[in-house]
Amino acid sequence: MAWNPDQYLKFSEPRLRPAVDLLARVAVAAPKLVYDLGCGAGNVTRLLAERWPEASITGVDDSAEMLAQAARELGAATWVRQSLAGWVPAIPPDVIFSNAALHWLPRHEELFPRLLRQLAPGGVLAVQMPRNFAAPSHSLIAETVRHGAWRRQLEHLLRPAPVAAPHEYYAMLEPLAASIDIWETEYLQVLRGTDPVKEWTKGTWLKQFLDELQEPQRAEFEADYARRLRLAYPPLADGTTLFPFCRLFMVVRGA
């Protein structure tokens with residue numbers, strides 16, 4: 001997909017908070033080499049550079065648009081355009097950090113052990129992924145797909161939830177790890193504006209569906225989905241909308 005940094009960063013503050021919470025649990029004093037996988041527009045990479053100013057920081061992403069935005073925001077880091085699916089570091093890093101990116105990749109039972117093995121001895125893999133795929137924000141995308149004239153065009157994009165339960169990640173990583181810290185947090189996000197939950201998913205999960213459609217169907221699909229969301233997330237009297245969002249975190253130290 002061709003990512004839109006402006007759309008993604010509409011909700012930069014609530015999107016950044018999980019990364020801050022994850023970074024707070026990474027107990028590495030002075031890493032030499034740090035990778036930010038799925039760095040996007042670089043706002044999380046900036047946090048890594050501020051936490052470890054002496055480290056070599058590299059952001060990896062497959063979106064030219066996002067990397068261009070990142071380079072404008074943070075010139076000190078190294079930026080690499082590459083698919084995360086085939087990423088292999090030239091030198092084993094001390095920290096692999098990934099915020100809201102790895103859920104786009106399949107076969108986590110292969111991916112996560114491979115990432116852990118690529119660390120330097122005693123290195124840390126720190127990952128945050130959304131686990132909100134059963135919530136109305138995401139299930140109503142599937143409902144909209146299946147109840148419109150666009151069904152044949154879009155149904156191939158529907159797939160099972162890409163993020164497993166916490167205990168499954170523990171089972172796949174425990175044989176390779178010196179320590180594992182896995183937890184979930186549900187954030188009650190207070191959003192503002194017109195159809196804010198639709199605008200939120202439009203910057204991430206919804207985008208792949210909209211990109212398949214041409215006007216006027218694209219606008220019709222977006223309007224139908226927004227209508228369903230208003231029933232699931234009705235705005236409060238002051239105009240704000242409460243959007244609960246569950247995220248999965250893990251901090252794994254290699255053996």
# chains A, B, ... in the order shown; residues from 1 in each chain; ligands from 1

call {"tool": "residues_around", "arguments": {"residues": "Thr185 of chain A", "least_positions_apart": "6", "cutoff": "9 Å", "atoms": "only C-alpha atoms", "output": "list in words"}}
result
Pro18, Phe245, Cys246, Arg247, Leu248 and Phe249 of chain A

call {"tool": "write_last_selection", "arguments": {"atoms": "N, CA and C atoms", "output": "tab-separated table (two decimals), in the first residue's frame"}}
result
chain	number	residue	atom	x	y	z
A	18	PRO	N	1.36	3.96	23.08
A	18	PRO	CA	1.81	2.59	23.29
A	18	PRO	C	3.32	2.42	23.08
A	245	PHE	N	-9.31	0.46	22.73
A	245	PHE	CA	-8.39	-0.16	21.77
A	245	PHE	C	-7.39	-1.03	22.53
A	246	CYS	N	-7.38	-2.32	22.23
A	246	CYS	CA	-6.50	-3.27	22.91
A	246	CYS	C	-5.20	-3.45	22.14
A	247	ARG	N	-4.09	-3.46	22.88
A	247	ARG	CA	-2.78	-3.68	22.26
A	247	ARG	C	-2.00	-4.73	23.03
A	248	LEU	N	-1.21	-5.48	22.29
A	248	LEU	CA	-0.36	-6.54	22.84
A	248	LEU	C	1.08	-6.08	22.84
A	249	PHE	N	1.77	-6.30	23.97
A	249	PHE	CA	3.17	-5.89	24.12
A	249	PHE	C	4.02	-7.10	24.49

call {"tool": "select_by_dssp", "arguments": {"residues": "segment 77-219 of chain A", "states": "strand (DSSP E or B)", "output": "PyMOL selection string"}}
result
chain A and resi 78-81+95-99+124-130+177-191

call {"tool": "select_by_dssp", "arguments": {"residues": "segment 121-184 of chain A", "states": "helix (DSSP H, G or I)", "output": "ChimeraX atom specification"}}
result
/A:136-146,151-157,166-176

call {"tool": "residues_around", "arguments": {"residues": "Ile57 of chain A", "least_positions_apart": "2", "cutoff": "12 Å", "atoms": "only C-alpha atoms", "output": "compact mmCIF listing (two decimals) with N, CA and C atoms, in the first residue's frame"}}
result
# COMPACT_ATOMS: atom_id res chain seq x y z
N PRO A 31 22.77 0.54 24.31
CA PRO A 31 22.92 -0.27 23.11
C PRO A 31 23.76 0.44 22.06
N LYS A 32 24.47 -0.34 21.27
CA LYS A 32 25.26 0.25 20.19
C LYS A 32 24.45 0.33 18.90
N LEU A 33 23.60 -0.66 18.64
CA LEU A 33 22.87 -0.73 17.38
C LEU A 33 21.40 -1.03 17.66
N VAL A 34 20.51 -0.16 17.17
CA VAL A 34 19.07 -0.27 17.41
C VAL A 34 18.35 -0.17 16.07
N TYR A 35 17.42 -1.07 15.85
CA TYR A 35 16.58 -1.04 14.65
C TYR A 35 15.13 -0.76 15.04
N ASP A 36 14.49 0.11 14.26
CA ASP A 36 13.07 0.38 14.40
C ASP A 36 12.38 -0.21 13.17
N LEU A 37 11.75 -1.37 13.34
CA LEU A 37 11.11 -2.06 12.21
C LEU A 37 9.70 -1.54 12.01
N CYS A 39 9.16 1.66 10.83
CA CYS A 39 9.36 2.97 11.48
C CYS A 39 8.36 4.02 11.03
N GLY A 42 8.59 8.02 11.44
CA GLY A 42 9.77 8.30 12.26
C GLY A 42 9.51 8.90 13.62
N VAL A 44 8.35 7.41 16.27
CA VAL A 44 8.86 6.48 17.29
C VAL A 44 10.39 6.41 17.23
N THR A 45 10.94 6.47 16.03
CA THR A 45 12.40 6.46 15.88
C THR A 45 13.02 7.62 16.64
N ARG A 46 12.33 8.74 16.64
CA ARG A 46 12.81 9.90 17.40
C ARG A 46 12.91 9.57 18.89
N LEU A 47 11.93 8.85 19.42
CA LEU A 47 11.98 8.44 20.83
C LEU A 47 13.20 7.57 21.11
N LEU A 48 13.50 6.66 20.19
CA LEU A 48 14.65 5.78 20.37
C LEU A 48 15.95 6.59 20.36
N ALA A 49 16.03 7.56 19.46
CA ALA A 49 17.24 8.39 19.38
C ALA A 49 17.40 9.25 20.64
N GLU A 50 16.30 9.71 21.20
CA GLU A 50 16.37 10.50 22.43
C GLU A 50 16.74 9.62 23.63
N ARG A 51 16.25 8.40 23.65
CA ARG A 51 16.56 7.48 24.76
C ARG A 51 18.03 7.04 24.71
N TRP A 52 18.53 6.77 23.49
CA TRP A 52 19.90 6.27 23.34
C TRP A 52 20.66 7.15 22.33
N PRO A 53 21.08 8.34 22.73
CA PRO A 53 21.71 9.28 21.80
C PRO A 53 23.04 8.80 21.24
N GLU A 54 23.71 7.88 21.93
CA GLU A 54 24.99 7.37 21.45
C GLU A 54 24.85 6.17 20.52
N ALA A 55 23.66 5.64 20.39
CA ALA A 55 23.45 4.44 19.58
C ALA A 55 23.32 4.79 18.10
N GLY A 59 15.96 3.09 10.92
CA GLY A 59 14.54 2.86 10.70
C GLY A 59 14.33 2.12 9.40
N VAL A 60 13.51 1.07 9.45
CA VAL A 60 13.24 0.23 8.27
C VAL A 60 11.74 0.27 7.97
N LEU A 74 13.74 13.66 11.30
CA LEU A 74 14.88 13.20 12.09
C LEU A 74 16.02 12.86 11.16
N GLY A 75 16.95 13.76 11.02
CA GLY A 75 18.06 13.55 10.10
C GLY A 75 19.15 12.66 10.63
N ALA A 76 19.19 12.44 11.96
CA ALA A 76 20.30 11.72 12.56
C ALA A 76 20.26 10.22 12.34
N ALA A 77 19.10 9.68 12.04
CA ALA A 77 18.96 8.23 11.88
C ALA A 77 19.30 7.81 10.45
N THR A 78 19.50 6.50 10.29
CA THR A 78 19.65 5.90 8.96
C THR A 78 18.31 5.32 8.55
N TRP A 79 17.90 5.54 7.30
CA TRP A 79 16.60 5.08 6.83
C TRP A 79 16.79 4.07 5.72
N VAL A 80 16.11 2.94 5.83
CA VAL A 80 16.24 1.86 4.85
C VAL A 80 14.85 1.49 4.35
N PRO A 93 21.83 -6.69 16.09
CA PRO A 93 21.59 -5.49 16.89
C PRO A 93 21.38 -5.81 18.37
N ASP A 94 21.51 -4.78 19.18
CA ASP A 94 21.24 -4.92 20.61
C ASP A 94 19.75 -4.79 20.91
N VAL A 95 19.04 -4.02 20.09
CA VAL A 95 17.61 -3.84 20.28
C VAL A 95 16.92 -3.87 18.92
N ILE A 96 15.87 -4.68 18.81
CA ILE A 96 14.93 -4.61 17.70
C ILE A 96 13.62 -4.12 18.28
N PHE A 97 13.18 -2.96 17.84
CA PHE A 97 11.97 -2.31 18.35
C PHE A 97 10.97 -2.24 17.21

call {"tool": "closest_residue", "arguments": {"among": "A:Ala226, A:Leu22, A:Leu213, A:Ile182", "to": "Pro136 of chain A", "atoms": "only C-alpha atoms"}}
result
A:Ala226

call {"tool": "closest_residue", "arguments": {"among": "A:Phe112, A:Val20, A:Gln208, A:Thr201", "to": "His156 of chain A", "atoms": "only C-alpha atoms"}}
result
A:Gln208

call {"tool": "residues_around", "arguments": {"residues": "Tyr187 of chain A", "least_positions_apart": "2", "cutoff": "12 Å", "atoms": "only C-alpha atoms", "output": "number ranges by chain"}}
result
A: 14-18, 21, 130-132, 184-185, 189-191, 242-248

call {"tool": "write_last_selection", "arguments": {"atoms": "N, CA and C atoms", "output": "JSON list (two decimals), in the first residue's frame"}}
result
[["chain", "number", "residue", "atom", "x", "y", "z"],
["A", 14, "PRO", "N", -2.38, 9.52, 20.46],
["A", 14, "PRO", "CA", -2.76, 8.19, 20.95],
["A", 14, "PRO", "C", -2.01, 7.05, 20.26],
["A", 15, "ARG", "N", -1.57, 7.24, 19.04],
["A", 15, "ARG", "CA", -0.78, 6.21, 18.37],
["A", 15, "ARG", "C", 0.61, 6.10, 18.99],
["A", 16, "LEU", "N", 1.13, 7.22, 19.52],
["A", 16, "LEU", "CA", 2.48, 7.22, 20.08],
["A", 16, "LEU", "C", 2.52, 6.66, 21.49],
["A", 17, "ARG", "N", 1.43, 6.80, 22.24],
["A", 17, "ARG", "CA", 1.45, 6.40, 23.64],
["A", 17, "ARG", "C", 1.86, 4.94, 23.85],
["A", 18, "PRO", "N", 1.36, 3.96, 23.08],
["A", 18, "PRO", "CA", 1.81, 2.59, 23.29],
["A", 18, "PRO", "C", 3.32, 2.42, 23.08],
["A", 21, "ASP", "N", 4.97, 3.53, 26.22],
["A", 21, "ASP", "CA", 4.80, 2.54, 27.27],
["A", 21, "ASP", "C", 5.70, 1.33, 27.04],
["A", 130, "PRO", "N", -1.42, -4.04, 17.56],
["A", 130, "PRO", "CA", -2.83, -3.93, 17.90],
["A", 130, "PRO", "C", -3.47, -5.31, 17.99],
["A", 131, "ARG", "N", -4.36, -5.47, 18.97],
["A", 131, "ARG", "CA", -5.14, -6.72, 19.07],
["A", 131, "ARG", "C", -6.61, -6.35, 19.27],
["A", 132, "ASN", "N", -7.07, -5.56, 18.31],
["A", 132, "ASN", "CA", -8.42, -5.00, 18.37],
["A", 132, "ASN", "C", -9.30, -5.51, 17.24],
["A", 184, "GLU", "N", -1.05, -7.12, 27.92],
["A", 184, "GLU", "CA", -2.01, -6.39, 27.10],
["A", 184, "GLU", "C", -2.49, -5.15, 27.85],
["A", 185, "THR", "N", -2.81, -4.11, 27.09],
["A", 185, "THR", "CA", -3.40, -2.90, 27.65],
["A", 185, "THR", "C", -4.55, -2.47, 26.74],
["A", 189, "GLN", "N", -9.44, 5.54, 24.29],
["A", 189, "GLN", "CA", -9.01, 6.70, 23.52],
["A", 189, "GLN", "C", -10.18, 7.67, 23.36],
["A", 190, "VAL", "N", -9.92, 8.92, 23.66],
["A", 190, "VAL", "CA", -10.94, 9.97, 23.54],
["A", 190, "VAL", "C", -10.66, 10.72, 22.25],
["A", 191, "LEU", "N", -11.51, 10.50, 21.25],
["A", 191, "LEU", "CA", -11.30, 11.07, 19.93],
["A", 191, "LEU", "C", -12.29, 12.21, 19.67],
["A", 242, "LEU", "N", -15.59, 7.85, 22.47],
["A", 242, "LEU", "CA", -14.72, 6.94, 23.20],
["A", 242, "LEU", "C", -14.45, 5.70, 22.35],
["A", 243, "PHE", "N", -13.18, 5.40, 22.21],
["A", 243, "PHE", "CA", -12.75, 4.30, 21.32],
["A", 243, "PHE", "C", -11.80, 3.38, 22.09],
["A", 244, "PRO", "N", -12.33, 2.33, 22.73],
["A", 244, "PRO", "CA", -11.44, 1.37, 23.42],
["A", 244, "PRO", "C", -10.58, 0.63, 22.39],
["A", 245, "PHE", "N", -9.31, 0.46, 22.73],
["A", 245, "PHE", "CA", -8.39, -0.16, 21.77],
["A", 245, "PHE", "C", -7.39, -1.03, 22.53],
["A", 246, "CYS", "N", -7.38, -2.32, 22.23],
["A", 246, "CYS", "CA", -6.50, -3.27, 22.91],
["A", 246, "CYS", "C", -5.20, -3.45, 22.14],
["A", 247, "ARG", "N", -4.09, -3.46, 22.88],
["A", 247, "ARG", "CA", -2.78, -3.68, 22.26],
["A", 247, "ARG", "C", -2.00, -4.73, 23.03],
["A", 248, "LEU", "N", -1.21, -5.48, 22.29],
["A", 248, "LEU", "CA", -0.36, -6.54, 22.84],
["A", 248, "LEU", "C", 1.08, -6.08, 22.84]]

call {"tool": "residues_around", "arguments": {"residues": "Tyr170 of chain A", "least_positions_apart": "4", "cutoff": "8 Å", "atoms": "only C-alpha atoms", "output": "CSV table (one decimal) with N, CA and C atoms, in the first residue's frame"}}
result
chain,number,residue,atom,x,y,z
A,166,PRO,N,-1.7,-13.8,23.8
A,166,PRO,CA,-0.4,-13.6,24.4
A,166,PRO,C,0.3,-15.0,24.8
A,174,GLU,N,9.6,-18.8,24.4
A,174,GLU,CA,10.2,-19.3,25.7
A,174,GLU,C,11.4,-20.2,25.5
A,180,ILE,N,11.0,-13.2,29.3
A,180,ILE,CA,9.9,-12.8,28.5
A,180,ILE,C,8.9,-12.0,29.4
A,182,ILE,N,5.2,-10.3,28.7
A,182,ILE,CA,4.2,-10.1,27.7
A,182,ILE,C,2.9,-9.6,28.5

call {"tool": "atom_distance", "arguments": {"atom1": "atom CA of Leu84 of chain A", "atom2": "atom CA of Ala120 of chain A"}}
result
18.7 Å

call {"tool": "residues_around", "arguments": {"residues": "Glu143 of chain A", "least_positions_apart": "2", "cutoff": "12 Å", "atoms": "only C-alpha atoms", "output": "ChimeraX atom specification"}}
result
/A:134,136-141,145-148,150-151,154-155,158,221,224-229

call {"tool": "residues_around", "arguments": {"residues": "Ala19 of chain A", "least_positions_apart": "6", "cutoff": "9 Å", "atoms": "only C-alpha atoms", "output": "JSON, numbers by chain"}}
result
{"A": [44, 47, 98, 99, 100, 127, 128]}

call {"tool": "write_last_selection", "arguments": {"atoms": "N, CA and C atoms", "output": "tab-separated table (two decimals), in the first residue's frame"}}
result
chain	number	residue	atom	x	y	z
A	44	VAL	N	8.35	7.41	16.27
A	44	VAL	CA	8.86	6.48	17.29
A	44	VAL	C	10.39	6.41	17.23
A	47	LEU	N	11.93	8.85	19.42
A	47	LEU	CA	11.98	8.44	20.83
A	47	LEU	C	13.20	7.57	21.11
A	98	SER	N	9.73	-2.61	17.47
A	98	SER	CA	8.71	-2.53	16.41
A	98	SER	C	7.38	-2.15	17.02
A	99	ASN	N	6.87	-1.01	16.61
A	99	ASN	CA	5.61	-0.49	17.13
A	99	ASN	C	4.54	-0.52	16.05
A	100	ALA	N	3.51	-1.35	16.25
A	100	ALA	CA	2.35	-1.39	15.35
A	100	ALA	C	2.73	-1.64	13.90
A	127	VAL	N	8.18	-5.40	21.05
A	127	VAL	CA	7.15	-5.35	20.01
A	127	VAL	C	5.82	-4.91	20.62
A	128	GLN	N	5.11	-4.06	19.89
A	128	GLN	CA	3.72	-3.73	20.19
A	128	GLN	C	2.91	-3.94	18.94

call {"tool": "atom_distance", "arguments": {"atom1": "atom CA of Leu125 of chain A", "atom2": "atom CA of Pro89 of chain A"}}
result
13.3 Å
